[in-house]
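Text of the file my_file-v4.cif, holding mmCIF, C-alpha atoms:
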data_upload
#
loop_
_atom_site.label_atom_id
_atom_site.label_comp_id
_atom_site.auth_asym_id
_atom_site.auth_seq_id
_atom_site.Cartn_x
_atom_site.Cartn_y
_atom_site.Cartn_z
CA MET A 1 0.00 0.00 0.00
CA TYR A 2 2.75 2.30 0.94
CA SER A 3 4.56 1.64 -2.27
CA GLN A 4 1.82 3.90 -3.64
CA GLY A 5 3.90 6.57 -1.93
CA LEU A 6 6.60 5.92 -4.47
CA ILE A 7 4.46 6.90 -7.42
CA GLY A 8 6.13 9.87 -9.02
CA ALA A 9 8.92 9.82 -6.43
CA ASP A 10 11.99 11.63 -7.60
CA GLY A 11 14.84 9.22 -6.98
CA LYS A 12 17.24 11.38 -9.01
CA THR A 13 20.56 11.83 -7.41
CA ASP A 14 23.75 13.57 -8.54
CA GLU A 15 26.53 12.28 -6.33
CA ASP A 16 29.72 11.04 -7.97
CA GLU A 17 30.20 7.41 -8.95
CA ALA A 18 32.59 6.61 -6.11
CA PHE A 19 30.15 7.86 -3.47
CA LEU A 20 27.23 5.94 -4.98
CA ALA A 21 29.32 2.78 -5.33
CA ALA A 22 30.45 2.95 -1.69
CA PHE A 23 26.84 3.45 -0.59
CA GLN A 24 25.62 0.56 -2.74
CA GLU A 25 28.32 -1.65 -1.24
CA ARG A 26 26.97 -0.97 2.24
CA ILE A 27 23.42 -1.73 1.08
CA ASP A 28 24.52 -4.94 -0.65
CA ALA A 29 26.28 -6.01 2.55
CA GLU A 30 22.88 -5.64 4.29
CA GLN A 31 24.18 -2.84 6.49
CA LYS A 32 21.41 -0.63 7.85
CA ILE A 33 21.65 3.07 7.04
CA GLU A 34 21.18 5.30 10.11
CA PRO A 35 20.06 8.96 10.24
CA ASN A 36 23.35 10.82 10.08
CA ASP A 37 25.15 8.41 7.75
CA PRO A 38 26.17 9.74 4.36
CA MET A 39 23.46 8.86 1.82
CA PRO A 40 22.57 9.85 -1.74
CA GLU A 41 20.08 12.71 -1.98
CA GLY A 42 17.79 10.52 -4.08
CA TYR A 43 17.70 7.87 -1.32
CA ARG A 44 16.85 10.51 1.27
CA LYS A 45 14.13 12.11 -0.85
CA THR A 46 12.54 8.80 -1.84
CA LEU A 47 12.38 7.74 1.81
CA ILE A 48 10.96 11.04 3.02
CA ARG A 49 8.25 10.74 0.43
CA GLN A 50 7.43 7.13 1.18
CA ILE A 51 7.59 7.35 4.98
CA SER A 52 5.61 10.59 5.22
CA GLN A 53 2.89 9.28 2.92
CA HIS A 54 2.80 6.11 4.97
CA ALA A 55 2.35 8.27 8.09
CA HIS A 56 -0.39 10.34 6.44
CA SER A 57 -2.18 7.10 5.50
CA GLU A 58 -2.23 5.99 9.14
CA ILE A 59 -3.63 9.35 10.26
CA ILE A 60 -6.30 9.62 7.54
CA GLY A 61 -7.03 5.91 8.07
CA MET A 62 -8.43 6.75 11.51
CA GLN A 63 -11.43 8.43 9.87
CA PRO A 64 -13.38 5.60 8.22
CA GLU A 65 -13.17 3.49 11.38
CA GLY A 66 -13.54 6.33 13.87
CA ASN A 67 -16.87 6.91 12.18
CA TRP A 68 -18.18 3.65 13.71
CA ILE A 69 -16.91 3.87 17.29
CA SER A 70 -20.14 5.36 18.63
CA ARG A 71 -22.22 2.79 16.74
CA ALA A 72 -20.27 -0.38 17.55
CA PRO A 73 -22.80 -3.13 18.38
CA THR A 74 -21.31 -4.20 21.74
CA LEU A 75 -18.98 -2.82 24.38
CA ARG A 76 -16.38 -5.48 23.44
CA ARG A 77 -16.41 -4.35 19.82
CA LYS A 78 -16.32 -0.71 20.82
CA ALA A 79 -13.29 -1.17 23.10
CA ALA A 80 -11.46 -3.10 20.35
CA LEU A 81 -12.27 -0.48 17.71
CA MET A 82 -11.12 2.36 19.93
CA ALA A 83 -7.85 0.53 20.62
CA LYS A 84 -7.39 -0.05 16.91
CA VAL A 85 -8.00 3.56 15.94
CA GLN A 86 -5.64 4.67 18.72
CA ASP A 87 -3.02 2.29 17.32
CA GLU A 88 -3.37 3.85 13.86
CA GLY A 89 -2.70 7.26 15.37
CA GLY A 90 0.33 5.83 17.18
CA HIS A 91 1.61 4.26 13.97
CA GLY A 92 1.34 7.61 12.23
CA LEU A 93 3.45 9.13 14.99
CA TYR A 94 6.18 6.43 14.82
CA LEU A 95 6.38 7.04 11.09
CA TYR A 96 6.49 10.83 11.28
CA SER A 97 9.39 10.45 13.74
CA ALA A 98 11.20 8.12 11.36
CA ALA A 99 10.77 10.63 8.50
CA GLU A 100 11.99 13.48 10.71
CA THR A 101 15.35 11.73 11.13
CA LEU A 102 15.88 12.45 7.42
CA GLY A 103 15.73 16.18 7.94
CA ILE A 104 12.12 17.18 7.29
CA SER A 105 10.10 18.79 10.10
CA ARG A 106 6.81 17.49 11.44
CA GLU A 107 5.17 20.81 10.60
CA GLU A 108 6.36 20.64 7.00
CA MET A 109 4.88 17.16 6.59
CA TYR A 110 1.54 18.22 8.09
CA GLN A 111 1.54 21.14 5.71
CA GLN A 112 2.14 18.86 2.73
CA LEU A 113 -0.81 16.71 3.77
CA LEU A 114 -3.14 19.66 4.40
CA THR A 115 -2.36 21.35 1.09
CA GLY A 116 -2.72 18.09 -0.81
CA ALA A 117 0.94 18.17 -1.93
CA ALA A 118 1.44 14.78 -0.27
CA LYS A 119 -0.87 11.86 -0.87
CA TYR A 120 -2.06 9.03 1.35
CA SER A 121 -3.15 5.52 0.49
CA SER A 122 -6.09 5.41 -1.96
CA ILE A 123 -8.01 2.92 0.20
CA PHE A 124 -8.97 5.49 2.82
CA ASN A 125 -11.03 7.40 0.28
CA TYR A 126 -13.67 4.67 0.37
CA PRO A 127 -16.50 5.03 2.90
CA ALA A 128 -17.31 2.59 5.73
CA LEU A 129 -21.04 2.35 5.09
CA THR A 130 -22.06 -0.54 7.34
CA TRP A 131 -20.77 -2.31 10.45
CA ALA A 132 -19.63 -5.17 8.20
CA ASP A 133 -17.25 -2.70 6.53
CA ILE A 134 -15.39 -2.42 9.83
CA GLY A 135 -14.88 -6.18 9.63
CA ALA A 136 -13.77 -5.97 6.00
CA ILE A 137 -11.38 -3.11 6.70
CA GLY A 138 -9.65 -5.04 9.49
CA TRP A 139 -9.50 -8.26 7.49
CA LEU A 140 -8.64 -6.92 4.01
CA VAL A 141 -7.18 -3.45 4.42
CA ASP A 142 -5.06 -4.31 7.44
CA GLY A 143 -4.29 -7.68 5.88
CA ALA A 144 -2.94 -5.99 2.74
CA ALA A 145 -1.07 -3.44 4.86
CA ILE A 146 0.57 -6.20 6.91
CA MET A 147 1.66 -8.01 3.73
CA ASN A 148 3.37 -4.81 2.62
CA GLN A 149 4.76 -3.85 5.99
CA ILE A 150 6.32 -7.23 6.75
CA ALA A 151 8.39 -6.72 3.61
CA LEU A 152 9.32 -3.22 4.82
CA CYS A 153 10.66 -4.56 8.15
CA ARG A 154 13.81 -5.37 6.19
CA CYS A 155 14.09 -1.94 4.56
CA SER A 156 17.66 -0.65 4.45
CA TYR A 157 16.84 2.52 6.41
CA GLY A 158 17.11 1.69 10.13
CA PRO A 159 14.47 4.01 11.64
CA TYR A 160 11.86 2.98 9.04
CA ALA A 161 12.58 -0.71 9.50
CA ARG A 162 12.32 -0.38 13.30
CA ALA A 163 9.00 1.47 13.07
CA MET A 164 7.72 -1.26 10.74
CA ILE A 165 8.66 -4.05 13.14
CA ARG A 166 6.75 -2.34 15.93
CA ILE A 167 3.76 -1.66 13.69
CA CYS A 168 3.60 -5.24 12.38
CA LYS A 169 3.58 -6.62 15.93
CA GLU A 170 0.65 -4.38 16.80
CA GLU A 171 -1.34 -4.90 13.64
CA SER A 172 -1.99 -8.59 13.80
CA PHE A 173 -4.75 -7.84 16.32
CA HIS A 174 -6.29 -5.45 13.81
CA GLN A 175 -6.69 -8.11 11.19
CA ARG A 176 -7.96 -10.71 13.63
CA GLN A 177 -10.58 -8.41 15.14
CA GLY A 178 -11.86 -7.60 11.64
CA TYR A 179 -12.08 -11.24 10.65
CA GLU A 180 -13.83 -12.08 13.91
CA ILE A 181 -16.49 -9.46 13.15
CA LEU A 182 -17.11 -11.13 9.79
CA ILE A 183 -17.22 -14.64 11.31
CA THR A 184 -19.91 -13.42 13.67
CA LEU A 185 -21.92 -11.85 10.85
CA CYS A 186 -21.52 -14.90 8.62
CA ASN A 187 -22.82 -17.15 11.38
CA GLY A 188 -25.79 -14.85 11.92
CA SER A 189 -29.02 -14.22 10.00
CA ASP A 190 -29.24 -14.16 6.21
CA GLU A 191 -29.37 -10.41 6.39
CA GLN A 192 -26.14 -10.27 8.40
CA LYS A 193 -24.40 -12.58 5.96
CA GLU A 194 -25.54 -10.34 3.12
CA LEU A 195 -23.97 -7.38 4.89
CA ALA A 196 -20.67 -9.27 5.05
CA GLN A 197 -20.85 -10.23 1.36
CA ASP A 198 -21.65 -6.65 0.40
CA ALA A 199 -18.64 -5.38 2.37
CA LEU A 200 -16.36 -7.89 0.63
CA ASN A 201 -17.81 -6.87 -2.74
CA ARG A 202 -16.95 -3.24 -2.14
CA PHE A 203 -13.57 -3.65 -0.45
CA TRP A 204 -12.02 -6.48 -2.49
CA TRP A 205 -10.85 -4.51 -5.53
CA PRO A 206 -9.77 -1.35 -3.66
CA SER A 207 -7.74 -3.63 -1.34
CA LEU A 208 -5.92 -5.13 -4.34
CA MET A 209 -5.23 -1.60 -5.59
CA MET A 210 -3.49 -0.80 -2.31
CA PHE A 211 -0.37 -2.56 -3.60
CA GLY A 212 -0.11 -0.08 -6.45
CA PRO A 213 0.08 -0.73 -10.20
CA SER A 214 2.51 -3.14 -11.81
CA GLU A 215 5.86 -1.48 -11.97
CA GLY A 216 6.86 -2.96 -15.32
CA GLN A 217 10.19 -1.44 -16.18
CA SER A 218 9.83 1.64 -13.95
CA VAL A 219 13.27 3.12 -13.33
CA HIS A 220 12.28 4.56 -9.94
CA SER A 221 11.05 1.25 -8.74
CA GLN A 222 14.23 -0.50 -9.86
CA GLN A 223 16.29 2.10 -8.02
CA SER A 224 14.20 1.57 -4.86
CA MET A 225 14.77 -2.17 -5.13
CA LEU A 226 18.48 -1.64 -5.61
CA TRP A 227 18.66 0.55 -2.52
CA LYS A 228 16.53 -2.00 -0.66
CA ILE A 229 13.92 0.57 0.26
CA LYS A 230 11.57 -1.85 -1.38
CA ARG A 231 12.14 -5.58 -1.41
CA PHE A 232 9.31 -7.07 -3.45
CA SER A 233 7.39 -5.92 -6.50
CA ASN A 234 3.80 -4.68 -6.17
CA ASP A 235 2.53 -7.66 -8.16
CA ASP A 236 4.40 -10.19 -6.01
CA LEU A 237 2.94 -8.76 -2.81
CA ARG A 238 -0.54 -8.57 -4.33
CA ASP A 239 -0.36 -12.24 -5.39
CA LYS A 240 0.79 -13.22 -1.91
CA PHE A 241 -2.16 -11.35 -0.44
CA ILE A 242 -4.67 -12.98 -2.79
CA ASN A 243 -3.29 -16.45 -2.10
CA ALA A 244 -3.57 -15.90 1.64
CA THR A 245 -7.00 -14.27 1.55
CA VAL A 246 -9.10 -16.39 -0.82
CA PRO A 247 -9.15 -19.43 1.53
CA GLN A 248 -10.18 -17.10 4.38
CA ALA A 249 -13.12 -15.88 2.28
CA GLU A 250 -14.06 -19.51 1.59
CA PHE A 251 -13.98 -20.25 5.31
CA LEU A 252 -16.49 -17.45 5.82
CA GLY A 253 -18.65 -18.84 3.02
CA LEU A 254 -18.30 -15.59 1.10
CA LYS A 255 -17.69 -15.20 -2.61
CA VAL A 256 -14.77 -13.13 -3.85
CA PRO A 257 -16.27 -10.72 -6.43
CA ASP A 258 -13.97 -11.74 -9.27
CA PRO A 259 -15.48 -14.18 -11.82
CA GLU A 260 -12.02 -14.75 -13.31
CA LEU A 261 -10.41 -15.79 -10.05
CA LYS A 262 -9.05 -19.31 -10.57
CA TRP A 263 -6.50 -21.56 -8.91
CA ASN A 264 -3.50 -22.06 -11.15
CA GLU A 265 -1.96 -25.43 -10.31
CA GLU A 266 1.21 -24.69 -12.23
CA LYS A 267 2.16 -21.52 -10.38
CA GLN A 268 0.53 -22.73 -7.14
CA GLY A 269 -1.37 -19.48 -6.85
CA TYR A 270 -4.51 -17.73 -8.02
CA ASP A 271 -5.01 -15.98 -11.35
CA HIS A 272 -7.22 -12.93 -11.03
CA GLY A 273 -9.25 -10.65 -13.27
CA ASP A 274 -8.12 -7.22 -14.46
CA ILE A 275 -7.92 -4.45 -11.89
CA ASP A 276 -9.63 -1.19 -12.85
CA TRP A 277 -6.59 1.08 -12.82
CA ASP A 278 -8.66 3.97 -14.15
CA GLU A 279 -10.56 3.90 -10.89
CA PHE A 280 -7.27 3.74 -8.97
CA TRP A 281 -5.88 6.83 -10.69
CA ARG A 282 -9.15 8.70 -10.24
CA VAL A 283 -9.02 8.05 -6.49
CA VAL A 284 -5.30 8.86 -6.22
CA LYS A 285 -5.84 12.13 -8.06
CA GLY A 286 -8.59 13.25 -5.69
CA ASP A 287 -11.83 12.00 -7.20
CA GLY A 288 -12.60 9.01 -4.99
CA PRO A 289 -15.85 8.74 -3.05
CA CYS A 290 -14.46 10.44 0.08
CA ASN A 291 -11.29 12.40 -0.84
CA ARG A 292 -12.86 15.79 -0.19
CA GLU A 293 -14.49 14.74 3.04
CA ARG A 294 -11.25 13.20 4.40
CA MET A 295 -9.28 16.37 3.69
CA ARG A 296 -12.03 18.63 5.02
CA THR A 297 -12.10 16.67 8.29
CA ARG A 298 -8.31 16.66 8.61
CA ARG A 299 -8.10 20.43 8.02
CA ARG A 300 -10.92 21.13 10.45
CA VAL A 301 -9.31 19.01 13.19
CA GLU A 302 -5.97 20.70 12.60
CA SER A 303 -7.39 24.21 12.90
CA GLU A 304 -9.72 23.40 15.80
CA GLY A 305 -6.79 21.95 17.75
CA ALA A 306 -4.47 24.88 17.08
CA TRP A 307 -5.45 26.79 20.23
CA VAL A 308 -4.61 23.77 22.40
CA ARG A 309 -1.12 23.50 20.96
CA GLU A 310 -0.59 27.25 21.22
CA ALA A 311 -1.81 27.31 24.83
CA ALA A 312 0.44 24.37 25.79
CA LEU A 313 3.46 26.11 24.29
CA ALA A 314 2.61 29.44 25.94
CA HIS A 315 2.20 27.68 29.30
CA ALA A 316 5.52 25.87 28.87
CA GLN A 317 7.25 29.12 28.00
CA LYS A 318 5.75 30.98 30.97
CA ARG A 319 6.81 28.21 33.37
CA ALA A 320 10.33 28.14 31.94
CA GLU A 321 10.64 31.91 32.37
CA ARG A 322 9.42 31.75 35.98
CA GLN A 323 11.88 28.99 36.78
CA ALA A 324 14.70 31.03 35.29
CA VAL A 325 13.77 34.01 37.45
CA ALA A 326 13.11 32.14 40.71
CA PRO A 327 16.72 31.43 41.84
CA VAL A 328 17.59 35.12 41.56
CA ALA A 329 14.54 36.17 43.55
CA ALA A 330 15.39 33.72 46.32
CA GLU A 331 18.88 35.09 46.87
CA MET B 1 0.11 26.95 9.87
CA THR B 2 1.54 29.93 11.71
CA GLU B 3 2.47 28.04 14.86
CA THR B 4 5.87 27.59 16.44
CA ALA B 5 7.28 24.10 16.20
CA THR B 6 6.54 21.87 19.19
CA PRO B 7 9.81 20.60 20.74
CA LEU B 8 11.07 17.09 20.04
CA TRP B 9 11.79 14.61 22.86
CA GLU B 10 13.51 11.22 22.90
CA VAL B 11 11.73 8.47 24.81
CA PHE B 12 13.48 5.76 26.85
CA ILE B 13 11.58 2.89 28.41
CA ARG B 14 12.49 0.34 31.09
CA ALA B 15 10.61 -2.83 30.19
CA ARG B 16 10.91 -4.19 33.72
CA ASN B 17 13.08 -3.78 36.77
CA GLY B 18 16.46 -5.37 36.20
CA LEU B 19 16.75 -3.97 32.67
CA SER B 20 18.06 -0.56 31.68
CA HIS B 21 16.03 2.11 29.93
CA LYS B 22 16.19 1.67 26.16
CA HIS B 23 15.50 4.16 23.40
CA ALA B 24 11.96 3.61 22.10
CA GLY B 25 11.46 6.54 19.75
CA SER B 26 10.58 10.21 19.82
CA ILE B 27 7.55 12.44 20.32
CA HIS B 28 6.67 16.12 20.13
CA ALA B 29 5.40 17.91 23.24
CA ALA B 30 5.28 21.43 24.64
CA ASP B 31 6.79 20.57 28.04
CA ALA B 32 8.15 17.72 30.15
CA GLU B 33 4.81 16.77 31.67
CA LEU B 34 3.04 16.54 28.31
CA ALA B 35 6.05 14.71 26.90
CA LEU B 36 5.74 12.03 29.59
CA GLN B 37 2.03 11.60 28.94
CA ALA B 38 2.49 11.45 25.18
CA ALA B 39 5.35 8.95 25.57
CA ARG B 40 3.10 6.75 27.67
CA ASP B 41 0.28 6.92 25.11
CA VAL B 42 2.47 6.38 22.07
CA TYR B 43 5.02 3.84 23.28
CA THR B 44 3.41 1.79 26.08
CA ARG B 45 0.03 0.67 24.77
CA ARG B 46 0.94 -3.01 25.21
CA GLY B 47 2.53 -3.08 28.64
CA GLU B 48 5.99 -2.32 27.21
CA GLY B 49 7.22 -0.43 30.24
CA GLN B 50 7.44 0.13 33.95
CA SER B 51 9.30 3.42 33.73
CA VAL B 52 9.71 6.15 31.11
CA TRP B 53 12.37 8.81 30.61
CA VAL B 54 11.94 11.72 28.24
CA VAL B 55 14.87 13.91 27.21
CA ARG B 56 14.82 16.98 25.00
CA SER B 57 16.38 15.83 21.71
CA SER B 58 18.33 19.08 21.52
CA ASP B 59 20.05 18.17 24.84
CA ILE B 60 21.54 14.96 23.45
CA VAL B 61 25.18 15.15 22.44
CA ALA B 62 25.98 12.57 19.77
CA SER B 63 29.11 11.39 18.03
CA ASP B 64 29.36 12.11 14.32
CA PRO B 65 29.21 9.01 12.09
CA VAL B 66 32.01 10.60 10.05
CA ASP B 67 34.31 10.22 13.07
CA LYS B 68 33.37 6.59 13.48
CA ASP B 69 36.80 5.22 12.60
CA MET B 70 38.68 7.67 14.78
CA MET B 71 36.34 7.05 17.70
CA PHE B 72 35.91 3.31 17.61
CA GLU B 73 38.53 1.68 15.40
CA PRO B 74 41.26 1.67 18.12
CA THR B 75 39.21 -0.82 20.16
CA ALA B 76 39.16 -3.26 17.24
CA SER B 77 42.95 -3.64 17.30
CA LYS B 78 43.18 -4.20 21.05
CA ILE B 79 42.28 -7.85 21.01
CA TYR B 80 44.20 -8.35 24.29
CA ARG B 81 41.23 -6.77 26.02
CA HIS B 82 39.27 -9.96 25.37
CA PRO B 83 39.62 -13.15 27.46
CA THR B 84 40.10 -15.32 24.37
CA PHE B 85 43.46 -13.59 23.73
CA TYR B 86 45.07 -15.50 26.61
CA GLU B 87 46.07 -19.12 26.33
CA ILE B 88 45.32 -21.26 29.35
CA PRO B 89 45.91 -25.03 29.21
CA ASP B 90 42.70 -27.13 29.13
CA ASP B 91 43.87 -28.91 32.29
CA VAL B 92 43.27 -25.77 34.29
CA GLY B 93 39.56 -26.06 33.60
CA ASN B 94 37.11 -23.20 33.24
CA MET B 95 38.52 -19.75 33.90
#
Encoded form using structure tokens:
Amino acid sequence: MYSQGLIGADGKTDEDEAFLAAFQERIDAEQKIEPNDPMPEGYRKTLIRQISQHAHSEIIGMQPEGNWISRAPTLRRKAALMAKVQDEGGHGLYLYSAAETLGISREEMYQQLLTGAAKYSSIFNYPALTWADIGAIGWLVDGAAIMNQIALCRCSYGPYARAMIRICKEESFHQRQGYEILITLCNGSDEQKELAQDALNRFWWPSLMMFGPSEGQSVHSQQSMLWKIKRFSNDDLRDKFINATVPQAEFLGLKVPDPELKWNEEKQGYDHGDIDWDEFWRVVKGDGPCNRERMRTRRRVESEGAWVREAALAHAQKRAERQAVAPVAAE
Amino acid sequence: MTETATPLWEVFIRARNGLSHKHAGSIHAADAELALQAARDVYTRRGEGQSVWVVRSSDIVASDPVDKDMMFEPTASKIYRHPTFYEIPDDVGNM
């Protein structure tokens, strides 16, 4: 999903050959790169872009689920959903910190999100219309995210890899709680099972799009692979996700909404139908079902919270000044 | 956004008594009290800690990776600082 953050990334770099070769040698030797180590400008820029967009995705991702906290059917579900949404906020913060080690400020990243200069994952521009969607989001959206993030745990940039390890550990509960919601619905009335099927119908294709389009011969993507920012191609991760998820849908007794989905004995994996990349690009470029609403909410929250941040800083400054004066007064 | 930047803090967590505090990550907060609360919320949601330290990032003095060789290489050549450098006959037993 977060490889979407690489779309249009400028991996251009103009260091001399010797510098780039020495850097590549460290990468090839599986050495982690740490914040103040020498690194090509293209490596730094690509990472800032990817990590910050990953962070933005976590923060915007709180919205579709937050929408259902007050309407969760039981206290158990409500507590789990609140914990999950809180985790997403936490994950955003780990990631912003990791990006900051590359020399961009938190404020600058927020600004990029609020002005629309930076993107976030396309999936969060789809609405959560029913309670079953909360199940589908946990199962499919978090499932796809985990597939991607496990691969990123071995990213060459130390702070990003460490954040990913922490996030992966925390996210397995997200996927399980989503799947549990769907098990409950699928064991319920016909109407409840229909809700579950409807959620799968709407979230299946957008979940597959999370991995991003096939890279083909993309130069940027090859450079990212070479620098070990990225370890697997979008298509490989998507196939892995499909192979893991189809049996889970069968267990639920739900039908994956792809008439062309077929087991391929030879490759020991599923073949799937064509993904509607026109839809993907529409959503990425701002015309998904909820893009405007997500941005409006984010901007409103940011401006409504401004006075709290300003007051906290003013209070801190006043206290610091008083403390500086106190010793003199006591003498 | 016309606001001043909120200061950055480094967070250290002791998982349990008997272990030392270990760097967990960083957070932004206006003052020490808010930094402690934010560190608790962000880094100890799964019982990761029994004790938290927060330190202003600007107060940390760090070595420069460029000086790595000058700083740390001399220890690599002093193999006589390690017990395996000394030869003790097997008959002596564990030492």
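The smallest atom-to-atom distance between Ser20 (chain B) and any of B:Pro7, B:Gly93, B:Gly49, B:Pro74, using all atoms listed in the file, is found for B:Gly49.
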Interatomic distance between CA of Gly18 (chain B) and CA of Ala32 (chain B)?
->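 So the answer is 25.3 Å.
Comparing A:Gln323, A:Thr101, A:Asn125, A:Thr13 by their smallest distance to Gly42 (chain A), the closest is A:Thr13 (using all atoms listed in the file).
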Any chance you could work out the residue set of the PyMOL selection byres ((chain B and resi 41) around 12) here, as a PyMOL selection string?
-> (chain A and resi 83+86-87+89-91+93-94) or (chain B and resi 11+27+34-40+42-49+52)
Okay, now the selection with C-alpha atoms, as a tab-separated table (two decimals), keeping the file's coordinate frame?
chain	number	residue	atom	x	y	z
A	83	ALA	CA	-7.85	0.53	20.62
A	86	GLN	CA	-5.64	4.67	18.72
A	87	ASP	CA	-3.02	2.29	17.32
A	89	GLY	CA	-2.70	7.26	15.37
A	90	GLY	CA	0.33	5.83	17.18
A	91	HIS	CA	1.61	4.26	13.97
A	93	LEU	CA	3.45	9.13	14.99
A	94	TYR	CA	6.18	6.43	14.82
B	11	VAL	CA	11.73	8.47	24.81
B	27	ILE	CA	7.55	12.44	20.32
B	34	LEU	CA	3.04	16.54	28.31
B	35	ALA	CA	6.05	14.71	26.90
B	36	LEU	CA	5.74	12.03	29.59
B	37	GLN	CA	2.03	11.60	28.94
B	38	ALA	CA	2.49	11.45	25.18
B	39	ALA	CA	5.35	8.95	25.57
B	40	ARG	CA	3.10	6.75	27.67
B	42	VAL	CA	2.47	6.38	22.07
B	43	TYR	CA	5.02	3.84	23.28
B	44	THR	CA	3.41	1.79	26.08
B	45	ARG	CA	0.03	0.67	24.77
B	46	ARG	CA	0.94	-3.01	25.21
B	47	GLY	CA	2.53	-3.08	28.64
B	48	GLU	CA	5.99	-2.32	27.21
B	49	GLY	CA	7.22	-0.43	30.24
B	52	VAL	CA	9.71	6.15	31.11
Check every residue of chain B for an atom within 7 Å of chain A, counting all atoms listed in the file, and provide those that qualify as a VMD selection string.
-> chain B and resid 5 26 30 to 31 42 65
Between A:Ala132, A:Leu20, A:Ser57, A:Arg49, which has the minimum distance to Glu191 (chain A) (counting all atoms listed in the file)?
-> A:Ala132
Tell me which protein, DNA and RNA residues are within 8 Å of Val55 (chain B), counting all atoms listed in the file, leaving out same-chain ones fewer than 3 positions away, and put them as a count of residues only.
-> 5
The residue from B:Ala24, B:Met70, B:Ile13, B:Val92 with the smallest atom-to-atom distance to Trp53 (chain B), counting all atoms listed in the file, is B:Ile13
Could you put an axis-aligned box around every listed atom of region 81-88 of chain B, padded by 6 Å on each side, and send me its centre and edge lengths in Å to one decimal, as JSON?
{"center_x": 42.7, "center_y": -14.0, "center_z": 26.5, "size_x": 18.8, "size_y": 26.5, "size_z": 17.6}
Selected residue, from A:Glu58, A:Glu30, A:Glu293, A:Glu17, that lies nearest to Leu226 (chain A) when counting only C-alpha atoms |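 Closest candidate: A:Glu30.
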What does the PyMOL selection byres ((chain A and resi 48) around 9) select in this file, as a PyMOL selection string?
-> chain A and resi 43-47+49-53+98-100+102-104
Go ahead and compute the interatomic distance for CA of Val301 (chain A) and CA of Ala145 (chain A), in Å to one decimal.
-> 25.3 Å
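Between Val54 (chain B) and the residues B:Asp67, B:Lys78, B:Ala29, B:Phe72, the shortest atom-to-atom distance, using all atoms listed in the file, involves B:Ala29.
Residues lying within 9 Å of Ile150 (chain A), counting all atoms listed in the file and ignoring same-chain neighbours fewer than 3 positions away, are A:Ala145, A:Ile146, A:Met147, A:Cys153, A:Arg154, A:Met164, A:Ile165, A:Cys168.
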Apply the PyMOL selection byres ((chain A and resi 59-72) around 7) to the file shown and report the selected residues as a ChimeraX atom specification.
-> /A:55-58,73-74,77-78,81-82,85,88-89,92,124,127-128,134,294
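Coordinates place CA of Phe19 (chain A) at a distance of 8.6 Å from CA of Met39 (chain A).
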Hey, could you patch up region 247-258 of chain A with N, CA and C atoms and hand it over as a short mmCIF file (atom, residue, chain, number, x, y, z; two decimals), keeping the file's coordinate frame?
data_model
loop_
_atom_site.label_atom_id
_atom_site.label_comp_id
_atom_site.auth_asym_id
_atom_site.auth_seq_id
_atom_site.Cartn_x
_atom_site.Cartn_y
_atom_site.Cartn_z
N PRO A 247 -8.67 -18.36 0.63
CA PRO A 247 -9.15 -19.43 1.53
C PRO A 247 -9.88 -18.88 2.76
N GLN A 248 -9.49 -17.70 3.22
CA GLN A 248 -10.18 -17.10 4.38
C GLN A 248 -11.59 -16.69 4.00
N ALA A 249 -11.78 -16.23 2.75
CA ALA A 249 -13.12 -15.88 2.28
C ALA A 249 -13.97 -17.15 2.19
N GLU A 250 -13.34 -18.24 1.71
CA GLU A 250 -14.06 -19.51 1.59
C GLU A 250 -14.50 -20.00 2.96
N PHE A 251 -13.64 -19.84 3.94
CA PHE A 251 -13.98 -20.25 5.31
C PHE A 251 -15.23 -19.52 5.80
N LEU A 252 -15.33 -18.25 5.41
CA LEU A 252 -16.49 -17.45 5.82
C LEU A 252 -17.74 -17.82 5.02
N GLY A 253 -17.53 -18.54 3.91
CA GLY A 253 -18.65 -18.84 3.02
C GLY A 253 -19.02 -17.65 2.16
N LEU A 254 -18.05 -16.77 1.93
CA LEU A 254 -18.30 -15.59 1.10
C LEU A 254 -17.68 -15.80 -0.28
N LYS A 255 -18.19 -15.05 -1.25
CA LYS A 255 -17.69 -15.20 -2.61
C LYS A 255 -16.86 -13.98 -2.99
N VAL A 256 -15.62 -14.23 -3.40
CA VAL A 256 -14.77 -13.13 -3.85
C VAL A 256 -15.33 -12.59 -5.17
N PRO A 257 -15.56 -11.28 -5.26
CA PRO A 257 -16.27 -10.72 -6.43
C PRO A 257 -15.39 -10.62 -7.67
N ASP A 258 -14.80 -11.73 -8.08
CA ASP A 258 -13.97 -11.74 -9.27
C ASP A 258 -14.26 -13.04 -10.04
#
